[in-house]
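Participant: Pasting a structure below so you can have a look.
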Amino acid sequence: MERTLAIIKPDGVAKALAGEIILRIEKAGLKITGLKMVQLNKKSAEGFYAVHIKRPFFESLTGFMSEGPVIAMVLEADNAISKWRTLMGATNYKDAEEGTIRRDFATDIERNVVHGSDAEDTADFEINYFFNAFELCA
Ligand code: IDP
Ligand code: MG
């Protein structure tokens with residue numbers, strides 16, 4: 001079993017897409033083993049996206065990620081990382097496959113509704129960033 005961190009970003013929460021996104025997650029056979037709504041501050045968004053610190057969009061991205069509440073979830077399945085990224089679609093919604101969350105709901109390359117870990121090591125870091133062991137169910 002593999003684990004990944006999913007986030008419904010501030011734009012997704014603000015547009016009331018949480019129910020639709022969670023429905024897609026459950027229908028795809030990804031098990032939700034942790035879930036919380038939190039609002040990141042600028043510093044905590046910067047820590048989460050530290051790998052992107054040198055990118056030109058870092059300031060804007062971390063501002064966006066701290067503008068309102070997010071819903072963070074731990075998803076578990078065989079190949080959870082790639083399964084969730086397939087449901088999300090490409091970073092740029094214009095390149096995303098039909099029927100993916102980003103293609104259906106994103107409005108901008110930055111405001112792309114959802115986050116997903118990209119590898120096992122980043123999934124571990126990201127899950128631990130949001131959740132402690134007592135907050136995760138079997
Ligand atoms: P990912 O979310 O598909 O893994 P990353 O390359 O890790 O994509 O980028 C993290 C986030 O940064 C993206 O989801 C998006 O919100 C934002 N982002 C990525 N590339 C750009 C860009 O070229 N302009 C503005 N924002 C971007
Ligand atoms: Mg990424």
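As shown in the structure tokens, the chain order sets the letters A, B, ...; within each chain, residues go from 1, and ligands are also counted from 1 in the order they appear.
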Residues of chain A within 9 Å of ligand 2: nearest atom pair and distance (Å, one decimal) for each, counting only C-alpha atoms and all ligand atoms, sorted by chain and number, as a tab-separated table?

Facilitator:
```
residue	atom	partner	partner_atom_place_in_ligand_line	distance
A:Tyr49	CA	ligand 2	1 (Mg)	8.5
A:Val51	CA	ligand 2	1 (Mg)	8.9
A:His52	CA	ligand 2	1 (Mg)	8.8
A:Thr91	CA	ligand 2	1 (Mg)	8.1
A:His115	CA	ligand 2	1 (Mg)	7.2
A:Gly116	CA	ligand 2	1 (Mg)	6.7
A:Ser117	CA	ligand 2	1 (Mg)	6.2
A:Asp118	CA	ligand 2	1 (Mg)	5.8
A:Thr122	CA	ligand 2	1 (Mg)	9.0
```

Participant: Would you kindly return, as a CSV table (one decimal) with N, CA, C and O atoms, in the first residue's frame, each protein, DNA or RNA residue with an atom no farther than 12 Å from any atom of Ala6 of chain A, considering only C-alpha atoms and excluding same-chain residues fewer than 5 positions away?

Facilitator:
```csv
chain,number,residue,atom,x,y,z
A,18,ALA,N,-15.3,20.7,-2.8
A,18,ALA,CA,-14.8,19.6,-1.9
A,18,ALA,C,-15.6,18.3,-2.1
A,18,ALA,O,-15.0,17.2,-2.2
A,21,ILE,N,-14.9,16.6,-5.4
A,21,ILE,CA,-13.5,16.0,-5.4
A,21,ILE,C,-13.4,14.8,-4.5
A,21,ILE,O,-12.8,13.8,-4.9
A,22,ILE,N,-14.0,14.8,-3.4
A,22,ILE,CA,-14.0,13.6,-2.5
A,22,ILE,C,-14.8,12.5,-3.1
A,22,ILE,O,-14.4,11.3,-3.0
A,25,ILE,N,-12.4,10.8,-5.5
A,25,ILE,CA,-11.4,10.1,-4.8
A,25,ILE,C,-12.0,8.7,-4.4
A,25,ILE,O,-11.3,7.7,-4.6
A,30,LEU,N,-9.5,5.1,-3.8
A,30,LEU,CA,-8.5,5.7,-2.9
A,30,LEU,C,-9.1,5.8,-1.6
A,30,LEU,O,-10.2,6.4,-1.4
A,31,LYS,N,-8.5,5.2,-0.5
A,31,LYS,CA,-9.0,5.2,0.8
A,31,LYS,C,-8.5,6.5,1.5
A,31,LYS,O,-7.3,6.7,1.6
A,32,ILE,N,-9.4,7.2,2.1
A,32,ILE,CA,-9.0,8.4,2.9
A,32,ILE,C,-8.7,8.0,4.3
A,32,ILE,O,-9.6,7.5,5.0
A,33,THR,N,-7.5,8.2,4.7
A,33,THR,CA,-7.1,7.7,6.1
A,33,THR,C,-6.7,8.9,7.0
A,33,THR,O,-6.4,8.7,8.2
A,34,GLY,N,-6.9,10.1,6.5
A,34,GLY,CA,-6.7,11.4,7.3
A,34,GLY,C,-7.3,12.5,6.5
A,34,GLY,O,-7.3,12.5,5.3
A,35,LEU,N,-7.9,13.4,7.3
A,35,LEU,CA,-8.6,14.6,6.6
A,35,LEU,C,-8.7,15.7,7.6
A,35,LEU,O,-9.1,15.6,8.7
A,36,LYS,N,-8.3,16.9,7.1
A,36,LYS,CA,-8.5,18.1,8.0
A,36,LYS,C,-8.6,19.4,7.1
A,36,LYS,O,-8.0,19.4,6.0
A,37,MET,N,-9.3,20.4,7.6
A,37,MET,CA,-9.3,21.7,7.0
A,37,MET,C,-8.5,22.6,7.9
A,37,MET,O,-8.7,22.7,9.1
A,70,VAL,N,-7.7,25.3,3.3
A,70,VAL,CA,-7.4,24.1,2.4
A,70,VAL,C,-8.0,22.9,3.1
A,70,VAL,O,-8.1,22.9,4.3
A,71,ILE,N,-8.2,21.8,2.3
A,71,ILE,CA,-8.5,20.5,2.9
A,71,ILE,C,-7.4,19.6,2.5
A,71,ILE,O,-7.2,19.3,1.3
A,72,ALA,N,-6.7,19.1,3.5
A,72,ALA,CA,-5.6,18.1,3.3
A,72,ALA,C,-6.1,16.7,3.6
A,72,ALA,O,-6.9,16.5,4.6
A,73,MET,N,-5.7,15.8,2.8
A,73,MET,CA,-6.1,14.4,3.0
A,73,MET,C,-5.0,13.5,2.7
A,73,MET,O,-4.1,13.7,1.8
A,74,VAL,N,-4.9,12.4,3.5
A,74,VAL,CA,-4.0,11.3,3.2
A,74,VAL,C,-4.8,10.2,2.5
A,74,VAL,O,-5.9,9.8,3.0
A,75,LEU,N,-4.3,9.8,1.3
A,75,LEU,CA,-5.0,8.8,0.5
A,75,LEU,C,-4.1,7.5,0.4
A,75,LEU,O,-2.9,7.7,0.3
A,76,GLU,N,-4.8,6.4,0.5
A,76,GLU,CA,-4.0,5.1,0.5
A,76,GLU,C,-4.6,4.2,-0.5
A,76,GLU,O,-5.8,4.0,-0.6
A,80,ALA,N,-1.1,4.7,-5.0
A,80,ALA,CA,-1.9,5.9,-4.7
A,80,ALA,C,-1.3,7.2,-5.3
A,80,ALA,O,-2.1,8.1,-5.7
A,81,ILE,N,0.0,7.3,-5.4
A,81,ILE,CA,0.6,8.6,-5.9
A,81,ILE,C,0.2,8.8,-7.3
A,81,ILE,O,-0.3,9.9,-7.7
A,82,SER,N,0.4,7.8,-8.2
A,82,SER,CA,0.0,8.0,-9.6
A,82,SER,C,-1.5,8.0,-9.8
A,82,SER,O,-2.0,8.7,-10.7
A,83,LYS,N,-2.2,7.2,-9.0
A,83,LYS,CA,-3.7,7.2,-9.2
A,83,LYS,C,-4.2,8.6,-8.9
A,83,LYS,O,-5.1,9.1,-9.7
A,84,TRP,N,-3.8,9.2,-7.9
A,84,TRP,CA,-4.3,10.6,-7.5
A,84,TRP,C,-3.8,11.6,-8.6
A,84,TRP,O,-4.6,12.4,-9.0
A,85,ARG,N,-2.6,11.5,-9.0
A,85,ARG,CA,-2.1,12.4,-10.0
A,85,ARG,C,-2.9,12.3,-11.3
A,85,ARG,O,-3.1,13.3,-12.1
A,87,LEU,N,-6.1,11.4,-11.5
A,87,LEU,CA,-7.4,12.0,-11.3
A,87,LEU,C,-7.2,13.6,-11.4
A,87,LEU,O,-8.2,14.3,-11.8
A,88,MET,N,-6.1,14.1,-10.9
A,88,MET,CA,-5.9,15.5,-10.9
A,88,MET,C,-5.7,16.1,-12.3
A,88,MET,O,-6.3,17.1,-12.6
A,113,VAL,N,-6.7,24.1,-8.2
A,113,VAL,CA,-7.7,23.3,-7.5
A,113,VAL,C,-7.2,22.3,-6.5
A,113,VAL,O,-7.7,22.1,-5.4
A,114,VAL,N,-6.2,21.5,-6.9
A,114,VAL,CA,-5.7,20.4,-6.1
A,114,VAL,C,-4.2,20.2,-6.2
A,114,VAL,O,-3.5,20.6,-7.1
A,115,HIS,N,-3.7,19.6,-5.1
A,115,HIS,CA,-2.3,19.2,-5.0
A,115,HIS,C,-2.2,17.7,-4.8
A,115,HIS,O,-3.0,17.1,-4.2
A,116,GLY,N,-1.1,17.1,-5.4
A,116,GLY,CA,-0.8,15.7,-5.1
A,116,GLY,C,0.7,15.5,-5.0
A,116,GLY,O,1.5,16.1,-5.8
A,117,SER,N,1.2,14.7,-4.1
A,117,SER,CA,2.6,14.4,-4.0
A,117,SER,C,3.1,13.7,-5.3
A,117,SER,O,2.3,13.1,-6.0
A,118,ASP,N,4.4,13.9,-5.6
A,118,ASP,CA,4.9,13.4,-6.9
A,118,ASP,C,5.8,12.1,-6.7
A,118,ASP,O,6.2,11.6,-7.7
A,122,THR,N,8.6,12.6,-1.3
A,122,THR,CA,7.9,13.8,-1.1
A,122,THR,C,6.5,13.5,-0.4
A,122,THR,O,6.1,14.4,0.4
A,123,ALA,N,5.9,12.4,-0.7
A,123,ALA,CA,4.7,12.1,0.0
A,123,ALA,C,4.9,12.0,1.5
A,123,ALA,O,4.1,12.5,2.3
A,126,GLU,N,5.4,15.5,3.0
A,126,GLU,CA,4.1,16.3,2.9
A,126,GLU,C,3.1,15.7,3.9
A,126,GLU,O,2.4,16.5,4.5
A,127,ILE,N,3.0,14.4,4.0
A,127,ILE,CA,2.0,13.9,5.0
A,127,ILE,C,2.4,14.3,6.4
A,127,ILE,O,1.6,14.7,7.2
A,130,PHE,N,1.5,17.9,7.5
A,130,PHE,CA,0.1,18.2,7.8
A,130,PHE,C,-0.4,17.3,9.0
A,130,PHE,O,-1.3,17.8,9.7
```

Participant: Skip Pro10 of chain A itself and residues of its chain fewer than 5 positions away, then list as a PyMOL selection string all residues within 12 Å of it, counting only C-alpha atoms.

Facilitator: chain A and resi 15-18+37-40+45+61-72+106+110-115

Participant: I need the residues of segment 2-88 of chain A that end up classed as helix (DSSP H, G or I) by DSSP on the backbone, written out as a ChimeraX atom specification.

Facilitator: /A:10-14,18-27,42-48,50-52,58-65,80-88

Participant: Looking at A:Glu46, A:Glu20, A:Arg55, A:Arg3, which one is nearest to Ile101 of chain A, with distances taken over only C-alpha atoms?

Facilitator: A:Glu20

Participant: Any chance you could list, as a list in words, the residues in segment 18-56 of chain A that come up strand (DSSP E or B) when DSSP is run on the backbone?

Facilitator: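 Strand (DSSP E or B) assignments inside segment 18-56 of chain A correspond to Lys31, Ile32, Thr33, Gly34, Leu35, Lys36, Met37 and Val38 of chain A.
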
Participant: Which distance in Å separates atom CA of Asn128 of chain A and atom CA of Asn41 of chain A, to one decimal?

Facilitator: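 Value for the atom CA of Asn128 of chain A-atom CA of Asn41 of chain A distance: 17.1 Å.
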
Participant: Can you work out which one of A:Asp108, A:Glu98, A:Glu26, A:Asp121 has the shortest atom-to-atom distance to ligand 1, counting only C-alpha atoms and all ligand atoms?

Facilitator: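 Among the listed residues, A:Asp108 lies closest to ligand 1.
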
Participant: Between atom 16 (O, counted along the ligand's line) of ligand 1 and atom CA of Asp95 of chain A, what is the distance, to one decimal in Å?

Facilitator: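 Computed distance, atom 16 (O, counted along the ligand's line) of ligand 1 to atom CA of Asp95 of chain A, equals 13.8 Å.
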
Participant: Find the residue from A:Ala28, A:Ala77, A:Val13, A:Ile8 that sits nearest to ligand 1; use only C-alpha atoms and all ligand atoms when measuring.

Facilitator: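 The answer is A:Ile8, which sits nearest to ligand 1.
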
Participant: Of the candidates A:Glu59, A:Lys42, A:Arg24, A:Cys137, which shows the shortest atom-to-atom distance to Thr86 of chain A, using only C-alpha atoms?

Facilitator: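 For Thr86 of chain A, the nearest of the given residues is A:Arg24.
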
Participant: Please compute the atom CA of Met1 of chain A-atom CA of Ala138 of chain A distance, one decimal, in Å.

Facilitator: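 We find that atom CA of Met1 of chain A and atom CA of Ala138 of chain A lie 11.5 Å from each other.
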
Participant: Out of A:Ile7, A:Ala119, A:Ala90, A:Ala96, which residue has the shortest atom-to-atom distance to ligand 1 when counting only C-alpha atoms and all ligand atoms?

Facilitator: A:Ala90

Participant: Pick the closest to ligand 1 from A:Ser60, A:Ser44, A:Thr107, A:Asn132: which is it, counting only C-alpha atoms and all ligand atoms?

Facilitator: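 Between A:Ser60, A:Ser44, A:Thr107, A:Asn132, the residue approaching ligand 1 most closely is A:Ser60.
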